[in-house]
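Heads up, protein_7.csv below (CSV, C-alpha atoms and all ligand atoms):
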chain,number,residue,atom,x,y,z
X,1,MET,CA,40.3,42.6,20.8
X,2,SER,CA,40.8,46.2,19.8
X,3,ASP,CA,38.6,48.9,21.4
X,4,THR,CA,38.3,50.6,18.1
X,5,LEU,CA,36.3,47.7,16.6
X,6,GLN,CA,32.7,48.7,16.4
X,7,ALA,CA,30.0,46.2,17.3
X,8,LYS,CA,27.8,45.2,14.4
X,9,PRO,CA,24.2,46.3,14.6
X,10,ALA,CA,22.0,43.5,15.9
X,11,ILE,CA,19.1,42.2,13.8
X,12,LEU,CA,16.5,39.4,14.2
X,13,VAL,CA,15.6,37.0,11.4
X,14,ALA,CA,12.2,36.1,12.8
X,15,ARG,CA,11.7,32.9,10.6
X,16,SER,CA,14.2,30.3,9.6
X,17,VAL,CA,15.7,31.2,6.2
X,18,PHE,CA,18.3,29.5,4.0
X,19,GLU,CA,21.8,29.5,5.3
X,20,PRO,CA,23.3,31.6,2.5
X,21,VAL,CA,20.9,34.4,3.4
X,22,LEU,CA,22.1,34.3,7.0
X,23,ASP,CA,25.7,34.3,5.8
X,24,LYS,CA,25.0,37.4,3.7
X,25,LEU,CA,23.5,39.2,6.7
X,26,ARG,CA,26.3,38.1,9.0
X,27,VAL,CA,28.8,40.1,7.0
X,28,HIS,CA,27.0,43.3,8.2
X,29,PHE,CA,25.1,42.4,11.3
X,30,ASP,CA,25.1,40.5,14.6
X,31,VAL,CA,22.4,38.1,13.4
X,32,GLN,CA,20.0,36.3,15.7
X,33,ALA,CA,18.5,33.5,13.6
X,34,THR,CA,15.3,31.6,14.4
X,35,PRO,CA,15.3,27.9,14.4
X,36,THR,CA,13.2,25.9,11.8
X,37,GLY,CA,9.6,25.5,13.0
X,38,VAL,CA,9.7,28.3,15.5
X,39,VAL,CA,7.0,30.9,15.2
X,40,TRP,CA,7.2,33.7,17.7
X,41,SER,CA,4.1,35.0,19.5
X,42,GLU,CA,3.8,38.8,19.7
X,43,ALA,CA,5.2,38.7,23.3
X,44,GLN,CA,8.1,36.5,22.3
X,45,LEU,CA,8.8,38.6,19.2
X,46,ILE,CA,9.0,41.7,21.5
X,47,GLU,CA,11.4,39.8,23.7
X,48,GLN,CA,13.6,38.6,20.8
X,49,LEU,CA,13.6,42.1,19.3
X,50,GLN,CA,15.2,43.9,22.3
X,51,GLY,CA,18.3,45.7,21.2
X,52,LYS,CA,17.6,44.9,17.5
X,53,VAL,CA,17.6,47.6,14.9
X,54,GLY,CA,16.2,45.4,12.1
X,55,VAL,CA,14.0,42.4,11.6
X,56,LEU,CA,13.3,40.1,8.7
X,57,THR,CA,9.7,38.9,8.9
X,58,ALA,CA,7.4,36.5,7.2
X,59,GLY,CA,3.8,37.2,6.4
X,60,GLY,CA,2.6,35.9,9.8
X,61,ASP,CA,4.8,38.1,11.9
X,62,ARG,CA,2.8,41.1,13.0
X,63,ILE,CA,4.6,44.5,13.4
X,64,GLY,CA,2.0,46.8,15.0
X,65,PRO,CA,1.6,49.3,17.8
X,66,ALA,CA,2.5,46.8,20.6
X,67,VAL,CA,5.8,45.7,19.0
X,68,LEU,CA,6.7,49.3,18.0
X,69,ALA,CA,6.1,50.7,21.5
X,70,ALA,CA,8.1,47.9,23.1
X,71,CYS,CA,11.0,48.1,20.6
X,72,PRO,CA,11.9,51.8,20.2
X,73,GLN,CA,15.3,50.9,18.7
X,74,LEU,CA,13.8,49.1,15.7
X,75,ARG,CA,14.4,51.0,12.4
X,76,ILE,CA,13.3,48.5,9.7
X,77,ALA,CA,11.1,45.5,9.2
X,78,ALA,CA,11.8,43.7,5.9
X,79,ASN,CA,9.0,41.3,4.9
X,80,LEU,CA,10.0,38.3,2.8
X,81,ALA,CA,6.4,38.3,1.4
X,82,VAL,CA,4.9,40.6,-1.2
X,83,GLY,CA,1.7,40.9,0.9
X,84,TYR,CA,2.2,43.0,4.0
X,85,ASN,CA,-1.1,42.9,5.9
X,86,ASN,CA,1.0,41.8,8.9
X,87,PHE,CA,2.4,45.3,9.0
X,88,ASP,CA,0.5,48.3,10.5
X,89,LEU,CA,2.0,50.7,7.9
X,90,ASP,CA,0.6,53.8,9.5
X,91,ALA,CA,1.9,52.9,12.9
X,92,MET,CA,5.3,52.0,11.4
X,93,SER,CA,5.5,55.3,9.6
X,94,ALA,CA,4.5,57.2,12.8
X,95,ALA,CA,7.2,55.4,14.7
X,96,GLY,CA,9.8,56.1,11.9
X,97,VAL,CA,10.2,52.4,11.1
X,98,LEU,CA,10.8,51.5,7.5
X,99,ALA,CA,8.7,48.7,6.0
X,100,THR,CA,9.8,46.8,2.9
X,101,ASN,CA,8.2,43.9,1.1
X,102,ALA,CA,9.3,41.4,-1.6
X,103,PRO,CA,7.5,42.1,-4.9
X,104,ASP,CA,8.3,40.8,-8.4
X,105,VAL,CA,10.5,37.9,-7.3
X,106,LEU,CA,7.6,35.6,-6.7
X,107,THR,CA,5.2,36.8,-9.5
X,108,GLU,CA,5.7,34.0,-12.1
X,109,THR,CA,6.0,31.2,-9.5
X,110,THR,CA,2.8,32.3,-7.8
X,111,ALA,CA,1.0,32.6,-11.1
X,112,ASP,CA,2.1,29.0,-12.0
X,113,PHE,CA,0.6,27.8,-8.7
X,114,GLY,CA,-2.6,29.7,-9.4
X,115,MET,CA,-3.0,27.8,-12.6
X,116,ALA,CA,-2.1,24.5,-10.9
X,117,LEU,CA,-4.7,25.1,-8.2
X,118,LEU,CA,-7.3,26.1,-10.8
X,119,LEU,CA,-6.6,22.9,-12.8
X,120,ALA,CA,-6.6,20.7,-9.7
X,121,THR,CA,-9.9,22.2,-8.6
X,122,ALA,CA,-11.7,22.2,-11.9
X,123,ARG,CA,-10.5,18.7,-12.8
X,124,ARG,CA,-11.0,17.2,-9.3
X,125,LEU,CA,-7.4,16.1,-8.9
X,126,THR,CA,-7.2,15.6,-5.1
X,127,GLU,CA,-10.7,14.3,-4.7
X,128,SER,CA,-10.1,11.6,-7.2
X,129,GLU,CA,-6.7,10.8,-5.8
X,130,HIS,CA,-8.2,10.4,-2.3
X,131,PHE,CA,-10.7,8.0,-3.9
X,132,LEU,CA,-8.0,5.9,-5.5
X,133,ARG,CA,-5.8,5.8,-2.4
X,134,ALA,CA,-8.8,4.7,-0.4
X,135,GLY,CA,-9.0,1.6,-2.6
X,136,ARG,CA,-12.5,2.6,-3.9
X,137,TRP,CA,-11.7,2.5,-7.6
X,138,LYS,CA,-13.5,-0.6,-8.9
X,139,GLU,CA,-14.7,0.3,-12.3
X,140,TRP,CA,-14.7,3.1,-14.9
X,141,SER,CA,-17.8,5.0,-15.9
X,142,LEU,CA,-18.5,7.8,-18.3
X,143,ASP,CA,-19.3,10.3,-15.6
X,144,PHE,CA,-16.4,9.3,-13.4
X,145,PHE,CA,-15.0,12.4,-11.7
X,146,VAL,CA,-16.2,14.6,-14.5
X,147,GLY,CA,-15.2,18.2,-13.7
X,148,ALA,CA,-15.3,21.6,-15.3
X,149,GLU,CA,-13.7,22.5,-18.5
X,150,VAL,CA,-10.6,24.8,-18.2
X,151,HIS,CA,-9.5,25.6,-21.7
X,152,GLY,CA,-11.8,27.9,-23.5
X,153,SER,CA,-13.9,28.7,-20.4
X,154,THR,CA,-14.0,32.2,-18.9
X,155,LEU,CA,-11.5,33.1,-16.2
X,156,GLY,CA,-12.4,35.9,-13.9
X,157,ILE,CA,-9.6,37.6,-12.0
X,158,LEU,CA,-10.3,39.8,-9.0
X,159,GLY,CA,-7.2,41.9,-8.3
X,160,MET,CA,-5.1,42.6,-11.4
X,161,GLY,CA,-1.7,43.4,-10.1
X,162,ARG,CA,1.5,41.7,-11.2
X,163,ILE,CA,0.4,38.2,-10.2
X,164,GLY,CA,-3.1,38.6,-11.7
X,165,GLN,CA,-1.6,39.8,-15.0
X,166,ALA,CA,0.8,36.8,-15.0
X,167,ILE,CA,-2.1,34.5,-14.5
X,168,ALA,CA,-4.1,36.2,-17.2
X,169,ARG,CA,-1.2,35.8,-19.7
X,170,ARG,CA,-1.0,32.1,-18.9
X,171,ALA,CA,-4.8,31.5,-19.2
X,172,ALA,CA,-5.3,33.6,-22.3
X,173,HIS,CA,-2.2,32.5,-24.3
X,174,GLY,CA,-1.8,28.9,-23.0
X,175,PHE,CA,-5.4,27.8,-22.4
X,176,GLY,CA,-7.3,30.0,-24.8
X,177,MET,CA,-9.4,31.3,-22.0
X,178,PRO,CA,-11.3,34.6,-22.4
X,179,VAL,CA,-10.2,36.6,-19.4
X,180,VAL,CA,-12.3,39.2,-17.5
X,181,TYR,CA,-11.0,41.1,-14.6
X,182,HIS,CA,-11.9,43.6,-11.9
X,183,ASN,CA,-9.5,45.8,-10.1
X,184,ARG,CA,-9.5,49.1,-8.1
X,185,SER,CA,-8.2,50.8,-11.2
X,186,ARG,CA,-8.4,49.7,-14.8
X,187,LEU,CA,-5.1,48.7,-16.6
X,188,ASP,CA,-3.8,50.7,-19.5
X,189,ALA,CA,-4.8,49.5,-22.9
X,190,ASP,CA,-1.3,48.0,-23.7
X,191,THR,CA,-1.3,45.9,-20.6
X,192,GLU,CA,-4.9,44.8,-21.2
X,193,ALA,CA,-3.9,43.8,-24.7
X,194,ALA,CA,-0.8,41.9,-23.5
X,195,CYS,CA,-2.9,40.0,-21.0
X,196,ARG,CA,-5.8,39.7,-23.4
X,197,ALA,CA,-8.0,40.7,-20.5
X,198,ARG,CA,-11.3,42.7,-20.5
X,199,TYR,CA,-12.2,45.1,-17.6
X,200,VAL,CA,-15.7,44.5,-16.1
X,201,SER,CA,-17.5,45.5,-13.0
X,202,LYS,CA,-17.4,43.3,-9.9
X,203,ALA,CA,-21.0,42.2,-10.5
X,204,GLU,CA,-20.2,41.3,-14.2
X,205,LEU,CA,-17.1,39.4,-13.1
X,206,LEU,CA,-19.0,37.3,-10.6
X,207,ALA,CA,-21.7,36.6,-13.2
X,208,GLN,CA,-19.4,35.8,-16.1
X,209,ALA,CA,-16.6,33.8,-14.6
X,210,ASP,CA,-16.5,30.0,-15.1
X,211,HIS,CA,-13.5,30.1,-12.8
X,212,LEU,CA,-12.9,33.0,-10.4
X,213,MET,CA,-9.3,33.6,-9.2
X,214,LEU,CA,-8.7,35.9,-6.2
X,215,VAL,CA,-5.4,37.7,-6.3
X,216,LEU,CA,-6.1,41.0,-4.5
X,217,PRO,CA,-4.2,42.3,-1.5
X,218,TYR,CA,-5.9,42.0,1.8
X,219,SER,CA,-7.0,45.1,3.6
X,220,ALA,CA,-9.9,46.0,5.9
X,221,ALA,CA,-11.8,47.1,2.8
X,222,ASN,CA,-11.3,43.7,1.2
X,223,HIS,CA,-12.4,41.7,4.2
X,224,HIS,CA,-14.9,39.1,3.0
X,225,ALA,CA,-15.0,40.6,-0.5
X,226,ILE,CA,-16.4,37.2,-1.4
X,227,ALA,CA,-19.2,36.4,1.0
X,228,ALA,CA,-22.7,34.9,0.7
X,229,THR,CA,-24.0,37.8,-1.5
X,230,GLU,CA,-21.1,37.5,-4.0
X,231,LEU,CA,-21.2,33.7,-4.1
X,232,ALA,CA,-24.9,33.9,-4.9
X,233,GLN,CA,-24.0,35.9,-8.0
X,234,MET,CA,-21.7,33.3,-9.3
X,235,LYS,CA,-22.6,30.4,-11.7
X,236,PRO,CA,-23.4,27.2,-9.8
X,237,THR,CA,-21.0,25.5,-12.1
X,238,ALA,CA,-18.2,27.9,-11.3
X,239,THR,CA,-15.0,27.3,-9.3
X,240,LEU,CA,-13.3,29.7,-6.9
X,241,VAL,CA,-9.6,29.8,-6.4
X,242,ASN,CA,-8.0,31.9,-3.6
X,243,ILE,CA,-4.3,32.5,-3.6
X,244,ALA,CA,-4.6,35.9,-2.0
X,245,ARG,CA,-5.4,36.0,1.7
X,246,GLY,CA,-7.8,34.0,3.7
X,247,GLY,CA,-9.8,37.0,5.0
X,248,ILE,CA,-10.9,37.9,1.6
X,249,VAL,CA,-13.4,34.9,1.6
X,250,ASP,CA,-16.1,34.3,4.1
X,251,GLU,CA,-15.2,30.6,4.6
X,252,ASN,CA,-18.5,29.7,6.3
X,253,ALA,CA,-20.4,31.1,3.4
X,254,LEU,CA,-18.1,29.3,1.0
X,255,VAL,CA,-18.8,26.0,2.8
X,256,ASP,CA,-22.5,26.6,2.7
X,257,ALA,CA,-22.4,27.3,-1.1
X,258,LEU,CA,-20.3,24.3,-1.8
X,259,LYS,CA,-22.5,22.0,0.2
X,260,ALA,CA,-25.7,23.4,-1.3
X,261,GLY,CA,-24.3,22.9,-4.9
X,262,ARG,CA,-24.4,26.7,-5.4
X,263,LEU,CA,-20.7,26.5,-6.4
X,264,ALA,CA,-19.0,23.6,-8.1
X,265,ALA,CA,-15.7,23.6,-6.3
X,266,ALA,CA,-13.0,25.7,-4.6
X,267,GLY,CA,-9.2,25.7,-4.4
X,268,ILE,CA,-7.9,27.4,-1.3
X,269,ASP,CA,-4.2,28.1,-0.5
X,270,VAL,CA,-4.8,30.7,2.2
X,271,PHE,CA,-7.1,30.6,5.2
X,272,GLU,CA,-8.8,33.0,7.6
X,273,GLY,CA,-7.2,31.6,10.7
X,274,GLU,CA,-4.1,29.9,9.2
X,275,PRO,CA,-2.3,27.8,10.1
X,276,GLN,CA,-5.6,26.7,11.7
X,277,VAL,CA,-8.1,25.5,9.0
X,278,ASN,CA,-11.8,26.0,9.5
X,279,PRO,CA,-13.0,22.4,10.3
X,280,ALA,CA,-16.0,22.8,8.1
X,281,LEU,CA,-13.8,23.2,5.0
X,282,LEU,CA,-12.3,19.8,5.8
X,283,THR,CA,-15.7,18.1,5.6
X,284,VAL,CA,-16.3,19.3,2.0
X,285,PRO,CA,-15.2,16.9,-0.8
X,286,ASN,CA,-15.1,19.4,-3.6
X,287,VAL,CA,-12.3,21.5,-2.3
X,288,VAL,CA,-8.5,21.4,-2.9
X,289,LEU,CA,-6.7,22.7,0.1
X,290,THR,CA,-3.0,23.6,0.2
X,291,PRO,CA,-1.0,25.2,3.1
X,292,HIS,CA,-0.1,28.6,1.7
X,293,ILE,CA,2.5,27.3,-0.8
X,294,ALA,CA,1.8,29.4,-3.9
X,295,SER,CA,5.4,30.9,-3.9
X,296,ALA,CA,7.0,27.7,-2.7
X,297,THR,CA,9.8,26.8,-5.0
X,298,VAL,CA,13.5,26.8,-3.9
X,299,PRO,CA,14.7,29.5,-6.2
X,300,THR,CA,11.7,31.8,-5.5
X,301,ARG,CA,11.8,31.3,-1.7
X,302,LEU,CA,15.5,32.0,-1.8
X,303,ALA,CA,14.9,35.2,-3.9
X,304,MET,CA,12.2,36.4,-1.5
X,305,ALA,CA,14.5,36.0,1.6
X,306,THR,CA,17.4,37.5,-0.3
X,307,LEU,CA,15.4,40.6,-1.3
X,308,ALA,CA,14.4,41.0,2.3
X,309,ALA,CA,18.0,40.7,3.4
X,310,ASP,CA,19.2,43.1,0.7
X,311,ASN,CA,16.6,45.7,2.0
X,312,LEU,CA,18.0,45.3,5.6
X,313,ILE,CA,21.6,45.7,4.3
X,314,ALA,CA,20.8,48.7,2.1
X,315,TYR,CA,18.9,50.6,4.8
X,316,LEU,CA,21.0,49.9,7.8
X,317,THR,CA,24.4,50.3,6.0
X,318,GLU,CA,23.5,53.0,3.3
X,319,GLY,CA,20.2,54.5,4.4
X,320,ARG,CA,18.4,53.4,1.2
X,321,ALA,CA,15.9,50.7,0.4
X,322,ILE,CA,15.1,48.6,-2.6
X,323,THR,CA,11.4,48.0,-2.2
X,324,PRO,CA,10.2,50.4,0.5
X,325,LEU,CA,6.5,50.6,1.4
X,326,ASN,CA,6.8,53.9,3.4
X,327,PRO,CA,9.7,55.7,1.7
X,328,GLN,CA,8.8,58.9,3.5
X,329,VAL,CA,10.5,57.4,6.6
X,330,ILE,CA,13.9,57.3,4.9
X,331,GLY,CA,16.2,60.1,6.0
X,332,ARG,CA,13.8,61.2,8.7
Y,401,LIG,C1,4.6,33.9,1.3
Y,401,LIG,C2,2.7,35.3,0.3
Y,401,LIG,O1,5.1,32.6,1.2
Y,401,LIG,O2,4.3,36.8,-0.6
Y,401,LIG,C3,3.2,36.6,-0.1
Y,401,LIG,O3,2.4,37.6,0.1
Y,401,LIG,O4,1.6,35.1,0.6
Y,401,LIG,C4,3.6,34.1,0.2
Y,401,LIG,O5,4.4,34.2,-1.0
Y,401,LIG,C5,4.1,34.0,2.7
Y,401,LIG,O6,3.3,35.1,2.9
Y,401,LIG,C6,5.4,34.2,3.5
Y,401,LIG,O7,5.0,34.5,4.8
Mind turning the file's structure into structure tokens?
Amino acid sequence: MSDTLQAKPAILVARSVFEPVLDKLRVHFDVQATPTGVVWSEAQLIEQLQGKVGVLTAGGDRIGPAVLAACPQLRIAANLAVGYNNFDLDAMSAAGVLATNAPDVLTETTADFGMALLLATARRLTESEHFLRAGRWKEWSLDFFVGAEVHGSTLGILGMGRIGQAIARRAAHGFGMPVVYHNRSRLDADTEAACRARYVSKAELLAQADHLMLVLPYSAANHHAIAATELAQMKPTATLVNIARGGIVDENALVDALKAGRLAAAGIDVFEGEPQVNPALLTVPNVVLTPHIASATVPTRLAMATLAADNLIAYLTEGRAITPLNPQVIGR
């Protein structure tokens, strides 16, 4: 082997990804892949990252002060998720480590799932299926698994970014739902018109929504944005759907509200301690629970991993990034 051949930079792909994505990365890097089903603890991640200049992460892989201090050669962490609450962005910027996420590629797929979870929750899909599978279906009656109306009822959206807007369009145009929303900042008039969505205060949102959809990013400020106080402001006939992050909802307060009939039903795709699920949630019949699958279609998951890979390639080979979160790090 020639001495002039330069070793490729080493990277870690911290979660199993589709083979074509690994092949793409292997053109440029010495790639350490992670087998299916393996989730590294922080200590293991630090061990795996030794000598690596880049890492492709999923939403559960934390890049914070401990990893940064123990892996001084790390230059980029590319998240295959749009949410990046697993990144300590300030610490990454201070350490000169570029962070990227995966926006846009999952917007429509996640919005589809938001509607699916809303429909399943309001129309008691899984609860009635469990009843049928248990052999308990003996007769039909008029009030048999009656649920909440979806079409024409008011959808409240908390968090009106790309995914919130895509849900609003589906709800307004497809289901004839009046849409109200609350967001850190109000959308411009054209976007509001395209979504047929009306801006309201958080209190108005809680009071008006027949169905409340949570699509806001998780941050310390949004921790338990929906807790006992907020649940008490909602209609007792309302449903709550969370496709954002588990920490946005106080799960114990949610269970109390559902059990007490202060909320009709909830659809939950994200959990406070996932992949552990609060055991109390499992005892409540009027919930639909899914294991964080809102973006889970083959094309979308492939697009998410490919965008993360493209960010690694762009930064480590050309010093640029496609979807940087802390662009001030570039060229430092
Ligand atoms: C991901 C998500 O599947 O993109 C996000 O923020 O929540 C999901 O689409 C998950 O976070 C991957 O780790």
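For the choices X:Met92, X:Ala296, X:Ile167, X:Val27, the atom-to-atom distance to ligand LIG 401 (chain Y) is smallest for X:Ala296 when using only C-alpha atoms and all ligand atoms.
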- [ ] Pick out the residues sitting within 8 Å of Ile76 of chain X, and hand them over as a list in words; count all atoms listed in the file, and ignore anything fewer than 2 positions along from it in its own chain.
- [x]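 That gives Val53, Gly54, Val55, Leu74, Ala78, Val97, Leu98, Ala99, Thr100, Leu312 and Tyr315 of chain X.
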Open item on the list: So that I can see what lies close to segment 115-129 of chain X, please list as a PyMOL selection string the residues with an atom at most 7 Å from it, counting only C-alpha atoms and leaving out residues fewer than 4 positions away in the same chain.
Closed with: chain X and resi 111+133+145+147-150+239+241+265-267+285-288
Resulting file, chosen residues, C-alpha atoms, as a JSON list (two decimals), keeping the file's coordinate frame:
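As a result, out_8.json now contains:
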[["chain", "number", "residue", "atom", "x", "y", "z"],
["X", 111, "ALA", "CA", 1.00, 32.60, -11.10],
["X", 133, "ARG", "CA", -5.80, 5.80, -2.40],
["X", 145, "PHE", "CA", -15.00, 12.40, -11.70],
["X", 147, "GLY", "CA", -15.20, 18.20, -13.70],
["X", 148, "ALA", "CA", -15.30, 21.60, -15.30],
["X", 149, "GLU", "CA", -13.70, 22.50, -18.50],
["X", 150, "VAL", "CA", -10.60, 24.80, -18.20],
["X", 239, "THR", "CA", -15.00, 27.30, -9.30],
["X", 241, "VAL", "CA", -9.60, 29.80, -6.40],
["X", 265, "ALA", "CA", -15.70, 23.60, -6.30],
["X", 266, "ALA", "CA", -13.00, 25.70, -4.60],
["X", 267, "GLY", "CA", -9.20, 25.70, -4.40],
["X", 285, "PRO", "CA", -15.20, 16.90, -0.80],
["X", 286, "ASN", "CA", -15.10, 19.40, -3.60],
["X", 287, "VAL", "CA", -12.30, 21.50, -2.30],
["X", 288, "VAL", "CA", -8.50, 21.40, -2.90]]
Task: Interatomic distance (Å, one decimal) between atom CA of Ala172 of chain X and atom CA of Thr229 of chain X - done: 28.3 Å
Using the file's own x, y and z axes, so that the box edges lie along x, y and z, what centre and edge lengths in Å (one decimal) does a box around every listed atom of segment 308-323 of chain X get when 4 Å is added on each side? Give it as lines of an AutoDock Vina configuration file.
center_x = 17.9
center_y = 47.6
center_z = 2.6
size_x = 21.0
size_y = 21.8
size_z = 18.4
Task: Pairwise distance for atom CA of Pro275 of chain X and atom CA of Asn242 of chain X, rounded to one decimal in Å - done: 15.4 Å
Give me the chain X side of the contact with ligand LIG 401 (chain Y), cut-off 8 Å, one line per residue showing its nearest atom pair and distance in Å at one decimal, counting only C-alpha atoms and all ligand atoms, sorted by chain and residue number, as CSV.
residue,atom,partner,partner_atom,distance
X:Thr57,CA,Y:LIG401,O7,7.6
X:Ala58,CA,Y:LIG401,O7,3.9
X:Gly59,CA,Y:LIG401,O7,3.4
X:Gly60,CA,Y:LIG401,O7,5.7
X:Asp61,CA,Y:LIG401,O7,8.0
X:Asn79,CA,Y:LIG401,O7,7.9
X:Leu80,CA,Y:LIG401,C6,6.2
X:Ala81,CA,Y:LIG401,O2,3.3
X:Val82,CA,Y:LIG401,O2,3.9
X:Gly83,CA,Y:LIG401,O3,3.5
X:Tyr84,CA,Y:LIG401,O3,6.7
X:Ala102,CA,Y:LIG401,O2,6.9
X:Pro103,CA,Y:LIG401,O2,7.5
X:Leu106,CA,Y:LIG401,O5,6.7
X:Thr110,CA,Y:LIG401,O5,7.2
X:Ile243,CA,Y:LIG401,O4,7.7
X:Ala244,CA,Y:LIG401,O4,6.8
X:Arg245,CA,Y:LIG401,O4,7.1
X:Val270,CA,Y:LIG401,O4,7.9
X:His292,CA,Y:LIG401,O1,6.6
X:Ile293,CA,Y:LIG401,O1,6.2
X:Ala294,CA,Y:LIG401,O5,6.2
X:Ser295,CA,Y:LIG401,O5,4.5
X:Ala296,CA,Y:LIG401,O1,6.5
X:Arg301,CA,Y:LIG401,O1,7.4
X:Met304,CA,Y:LIG401,O2,8.0
Open item on the list: Using all atoms listed in the file - which residues lie no farther than 6 Å from the point (-19.4, 33.9, 1.3) in the file's frame? Write them as an MDAnalysis selection string.
Closed with: chainID X and resid 226:228 231 250 253:254
Open item on the list: I need the residue nearest Leu155 of chain X from this list: X:Arg184, X:Pro72, X:Leu240, X:Ser93. Use all atoms listed in the file for the distance.
Closed with: X:Leu240
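Among the candidates X:Ala314, X:Leu89, X:Val39, X:Val277, the one nearest to Gln328 of chain X when counting all atoms listed in the file is X:Leu89.
Closest to Glu274 of chain X among X:Ser153, X:Thr290, X:Asn183, X:Asn311 is X:Thr290, based on all atoms listed in the file.
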